[in-house]
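J.: The following block contains the structure, expressed as structure tokens.
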Amino acid sequence: MLLMLKDTKARFTCALNKGVLFSALIVSLSLSSLSAKDKGHETGWNFYHDKNITTQDNIDPLRSPTSLKNANALKLLEAILKENQDQTKIQTKILAILQDSMDPQPKLITKKDGTKCIANSSADCYVSPKTVFAKSVPALGSWIDDPGNVEKAAVYSKWQAKHFSTTVFPMGYSLQFANEQFGTDANPLDYGQPGFDSATGAGGVLRNNRALKVANKHGKHYQLLIFLGKNIDADIYSFDNLGRLASGLTNVKITFVYYDKTNKMVADETAKWLPALKKGLSRSKSIVNKKAFDTYGIYTTPSVVAVIQKEGKVKAQTIATGRKGPGGYSERIKQFLKLEGIIKFGDEAGYKVWKEDSNYATKYIKNNYNIDLNQTLINSIKKNQKDNE
């Protein structure tokens, strides 16, 4: 019973406290209301009135924030519209230029008889074509439009001379000097220096000998098929050099392939009185295989085919047809080896060939000045140079 009385008293006290708070809130609101009535109308935050809010009566439409914002937005939209229009014009011009230079569209023209045709679709619908360069040089473009006009030819000739003297020749000179000054660092290609490549003709001889040496050095990477029998006169004319090639490439597997027995008989008979061919045939294999001509796509002879096995696949490439010197055939072999990545560009630079393979200076001095050089001393110098590299 006592516990129930205590609980009832606690509840009553809590309710009394809540009532006091509520009464205080009512009184506060009443005072606020009375204060507003004293001014003749009800105002204040409770009645959604804020002294900082601008009423419709005192709004200046030219200075209101909303109007200013709208005006600024309008100006911005107008600027964006203008920029888009300008960009559209520029892009239209770019598209026309790209189509003209990279994807020219067919153009209909009217011929003299009144019929229409697509320009340059046939001989009777010819229109003088212009390259991008010609279009960029009015002196040339005007002349192309009127090729028989001597005055326009003279205008272009004068422009061309100016172009050569101010651009083309200076570029050529500076390119030469760069090759001379920096060697393979500037020009990692073969035979890039005339002073070594064509010195009194000796450079050409060295180049041919070097090509044969390189072709033989890499003999383990490829083999040669020499096809004979589809052009008998050209075959016989080439027998001597083909024999020298075959005898010089001692590290290369070589097979002579004949179209029929008659052509093989001609080669064998010729070898009896032609030492070079005899020597070449003696170290090579000879077969008669007409089907091989179709297999390798041989349309004429002599044809030299290089065969290489790379990444598990056999690749055959016709590298030479007709008569060439042993060095000429070897040069084609070397080009094939470069194409296949077996040798690198720059390995056959002229100055390297002279340094590694030349023995020409002694003969040159003897023939031209009748002086015998000390070849032993020269050889020792070469050895020291090589050892110091």
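Residues are referred to by chain and number: the chain letter is A, B, ... according to the order shown in the structure tokens, the number counts from 1 in that chain, and ligands are numbered separately from 1 in the order shown.
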So that I can check the surroundings of Asp240 of chain A, please list as a list in words every protein, DNA and RNA residue that reaches within 8 Å of it, counting only C-alpha atoms and ignoring chain neighbours fewer than 5 positions away.
T.: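 Non-adjacent residues within range: Leu274, Ala276 and Leu277 of chain A.
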J.: Give me every helix (DSSP H, G or I) residue in segment 292-339 of chain A, going by DSSP on the backbone, as a VMD selection string.
T.: chain A and resid 292 to 295 326 to 339
J.: Between A:Lys363, A:Lys220, A:Lys116, A:Lys383, single out the one closest to Leu249 of chain A, counting only C-alpha atoms.
T.: A:Lys220
J.: Name the closest residue to Ile308 of chain A among the candidates A:Gly327, A:Gly243, A:Gly219, A:Gly280; distances are taken between atoms, counting only C-alpha atoms.
T.: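 Smallest separation from Ile308 of chain A among the options: A:Gly219.
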J.: Write out as a PyMOL selection string the set of residues from segment 94-206 of chain A that DSSP, computed on the backbone, places in strand (DSSP E).
T.: chain A and resi 108-110+116-118
J.: Restricting the output to all heavy atoms, write the selected residues as a PDB file, in the first residue's frame.
T.:
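This is the output file out31.pdb:
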ATOM      1  N   LEU A 108      31.153  15.021-109.513  1.00  0.00           N
ATOM      2  CA  LEU A 108      30.527  14.933-110.824  1.00  0.00           C
ATOM      3  C   LEU A 108      30.955  16.128-111.667  1.00  0.00           C
ATOM      4  O   LEU A 108      30.932  17.271-111.210  1.00  0.00           O
ATOM      5  CB  LEU A 108      29.003  14.914-110.692  1.00  0.00           C
ATOM      6  CG  LEU A 108      28.347  13.582-110.319  1.00  0.00           C
ATOM      7  CD1 LEU A 108      26.855  13.782-110.124  1.00  0.00           C
ATOM      8  CD2 LEU A 108      28.619  12.524-111.376  1.00  0.00           C
ATOM      9  N   ILE A 109      31.371  15.843-112.904  1.00  0.00           N
ATOM     10  CA  ILE A 109      31.721  16.923-113.821  1.00  0.00           C
ATOM     11  C   ILE A 109      30.931  16.750-115.111  1.00  0.00           C
ATOM     12  O   ILE A 109      30.443  15.661-115.415  1.00  0.00           O
ATOM     13  CB  ILE A 109      33.239  16.950-114.122  1.00  0.00           C
ATOM     14  CG1 ILE A 109      33.657  15.666-114.858  1.00  0.00           C
ATOM     15  CG2 ILE A 109      34.050  17.129-112.859  1.00  0.00           C
ATOM     16  CD1 ILE A 109      35.083  15.722-115.380  1.00  0.00           C
ATOM     17  N   THR A 110      30.834  17.812-115.847  1.00  0.00           N
ATOM     18  CA  THR A 110      30.122  17.773-117.126  1.00  0.00           C
ATOM     19  C   THR A 110      31.133  17.788-118.262  1.00  0.00           C
ATOM     20  O   THR A 110      31.977  18.678-118.347  1.00  0.00           O
ATOM     21  CB  THR A 110      29.182  18.989-117.260  1.00  0.00           C
ATOM     22  OG1 THR A 110      28.273  19.001-116.149  1.00  0.00           O
ATOM     23  CG2 THR A 110      28.394  18.919-118.552  1.00  0.00           C
ATOM     24  N   LYS A 116      27.349  13.782-117.814  1.00  0.00           N
ATOM     25  CA  LYS A 116      28.050  13.894-116.533  1.00  0.00           C
ATOM     26  C   LYS A 116      28.787  12.595-116.204  1.00  0.00           C
ATOM     27  O   LYS A 116      28.371  11.512-116.596  1.00  0.00           O
ATOM     28  CB  LYS A 116      27.062  14.232-115.415  1.00  0.00           C
ATOM     29  CG  LYS A 116      26.432  15.608-115.538  1.00  0.00           C
ATOM     30  CD  LYS A 116      25.560  15.924-114.345  1.00  0.00           C
ATOM     31  CE  LYS A 116      24.958  17.317-114.441  1.00  0.00           C
ATOM     32  NZ  LYS A 116      25.991  18.377-114.438  1.00  0.00           N
ATOM     33  N   CYS A 117      29.866  12.746-115.487  1.00  0.00           N
ATOM     34  CA  CYS A 117      30.642  11.576-115.081  1.00  0.00           C
ATOM     35  C   CYS A 117      31.401  11.903-113.798  1.00  0.00           C
ATOM     36  O   CYS A 117      31.531  13.072-113.412  1.00  0.00           O
ATOM     37  CB  CYS A 117      31.621  11.145-116.172  1.00  0.00           C
ATOM     38  SG  CYS A 117      32.867  12.411-116.555  1.00  0.00           S
ATOM     39  N   ILE A 118      31.885  10.872-113.135  1.00  0.00           N
ATOM     40  CA  ILE A 118      32.675  11.062-111.910  1.00  0.00           C
ATOM     41  C   ILE A 118      34.108  11.366-112.316  1.00  0.00           C
ATOM     42  O   ILE A 118      34.729  10.622-113.080  1.00  0.00           O
ATOM     43  CB  ILE A 118      32.623   9.810-111.020  1.00  0.00           C
ATOM     44  CG1 ILE A 118      31.182   9.553-110.569  1.00  0.00           C
ATOM     45  CG2 ILE A 118      33.537   9.966-109.810  1.00  0.00           C
ATOM     46  CD1 ILE A 118      31.014   8.289-109.760  1.00  0.00           C
TER      47      ILE A 118
END
J.: Which distance in Å separates atom CA of Lys352 of chain A and atom CA of Arg244 of chain A, to one decimal?
T.: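 Calculated distance between atom CA of Lys352 of chain A and atom CA of Arg244 of chain A is 25.1 Å.
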J.: May I ask which of the residues A:Asn209, A:Ser282, A:Thr295, A:Asn120 is the closest one to Glu356 of chain A, counting only C-alpha atoms?
T.: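 Closest candidate: A:Asn209.
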J.: When you look at His221 of chain A with a cut-off of 9 Å (counting only C-alpha atoms), what residues show up, excluding the ones that are within fewer than 5 positions of it in the same chain? I need them as a list in words.
T.: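 Listed by chain and then number, they are Val252, Val307, Ile308, Gln309, Leu337 and Ile342 of chain A.
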J.: Give me the residues within 7 Å of Ile319 of chain A as number ranges by chain, counting only C-alpha atoms and dropping any in the same chain fewer than 6 places off.
T.: A: 304-306, 332-333
J.: Excluding Thr300 of chain A and residues on its chain fewer than 2 positions from it, collect all residues at most 12 Å away from it, counting only C-alpha atoms, and give them as a PyMOL selection string.
T.: chain A and resi 226-235+258-259+293-294+296-298+302-304+318+320-323
J.: Keeping only C-alpha atoms, write the selected residues to a file as a tab-separated table (two decimals), in the first residue's frame.
T.:
chain	number	residue	atom	x	y	z
A	226	ILE	CA	68.07	-21.49	-107.50
A	227	PHE	CA	65.41	-22.15	-110.14
A	228	LEU	CA	66.42	-22.69	-113.79
A	229	GLY	CA	64.56	-23.74	-116.93
A	230	LYS	CA	61.86	-21.22	-117.85
A	231	ASN	CA	64.08	-18.73	-119.67
A	232	ILE	CA	66.97	-20.63	-121.20
A	233	ASP	CA	68.84	-17.68	-122.71
A	234	ALA	CA	68.76	-15.73	-119.43
A	235	ASP	CA	69.76	-18.89	-117.56
A	258	TYR	CA	65.43	-27.47	-112.85
A	259	TYR	CA	62.15	-27.32	-114.70
A	293	PHE	CA	57.89	-23.98	-109.72
A	294	ASP	CA	54.18	-23.73	-108.97
A	296	TYR	CA	57.10	-21.27	-105.04
A	297	GLY	CA	55.34	-19.12	-107.66
A	298	ILE	CA	58.26	-19.08	-110.11
A	302	PRO	CA	66.81	-17.65	-113.11
A	303	SER	CA	65.05	-17.03	-109.80
A	304	VAL	CA	66.78	-17.15	-106.43
A	318	THR	CA	61.97	-14.78	-104.13
A	320	ALA	CA	66.28	-12.01	-107.15
A	321	THR	CA	65.47	-12.76	-110.77
A	322	GLY	CA	67.68	-12.55	-113.84
A	323	ARG	CA	71.43	-11.95	-113.96
J.: When you draw a straight line from atom CA of Lys291 of chain A to atom CA of Ala246 of chain A, how long is it in Å?
T.: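 Atom-to-atom, atom CA of Lys291 of chain A and atom CA of Ala246 of chain A are spaced 23.1 Å apart.
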J.: Residues near Lys344 of chain A, anyone? I mean within 10 Å using only C-alpha atoms, not counting same-chain ones fewer than 6 positions away, as a list in words.
T.: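 With the cut-off at 10 Å, the set is Pro188, Leu189, Asp190, Lys334, Gln335, Leu337 and Lys338 of chain A.
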J.: For Ser286 of chain A, list every protein, DNA or RNA residue within 10 Å, evaluated using only C-alpha atoms, and leave out those in the same chain fewer than 3 positions away; present the list as a list of chain:residue names.
T.: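 The contact residues come out as A:Leu225, A:Ile226, A:Ile254, A:Thr255, A:Phe256, A:Val257, A:Tyr258, A:Lys264, A:Leu281, A:Ser282, A:Arg283, A:Asn289.
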J.: For the residues selected in the previous step, produce a file with C-alpha atoms as an mmCIF file, in the first residue's frame.
T.:
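Result file follows (again-v8.cif):
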data_model
loop_
_atom_site.group_PDB
_atom_site.id
_atom_site.type_symbol
_atom_site.label_atom_id
_atom_site.label_comp_id
_atom_site.auth_asym_id
_atom_site.auth_seq_id
_atom_site.Cartn_x
_atom_site.Cartn_y
_atom_site.Cartn_z
ATOM 1 C CA LEU A 225 66.821 -22.467 -104.028
ATOM 2 C CA ILE A 226 68.074 -21.485 -107.497
ATOM 3 C CA ILE A 254 71.993 -24.442 -101.881
ATOM 4 C CA THR A 255 69.768 -26.438 -104.243
ATOM 5 C CA PHE A 256 69.553 -25.963 -108.030
ATOM 6 C CA VAL A 257 65.993 -26.729 -109.116
ATOM 7 C CA TYR A 258 65.425 -27.473 -112.847
ATOM 8 C CA LYS A 264 69.590 -29.756 -116.212
ATOM 9 C CA LEU A 281 77.336 -27.137 -108.818
ATOM 10 C CA SER A 282 79.868 -29.417 -107.171
ATOM 11 C CA ARG A 283 79.036 -28.161 -103.691
ATOM 12 C CA ASN A 289 61.018 -30.728 -109.908
#
J.: For a quick check of understanding, using only C-alpha atoms, which of A:Ala349, A:Ala361, A:Ser284, A:Gly328 has the smallest distance to Gln375 of chain A?
T.: A:Ala361
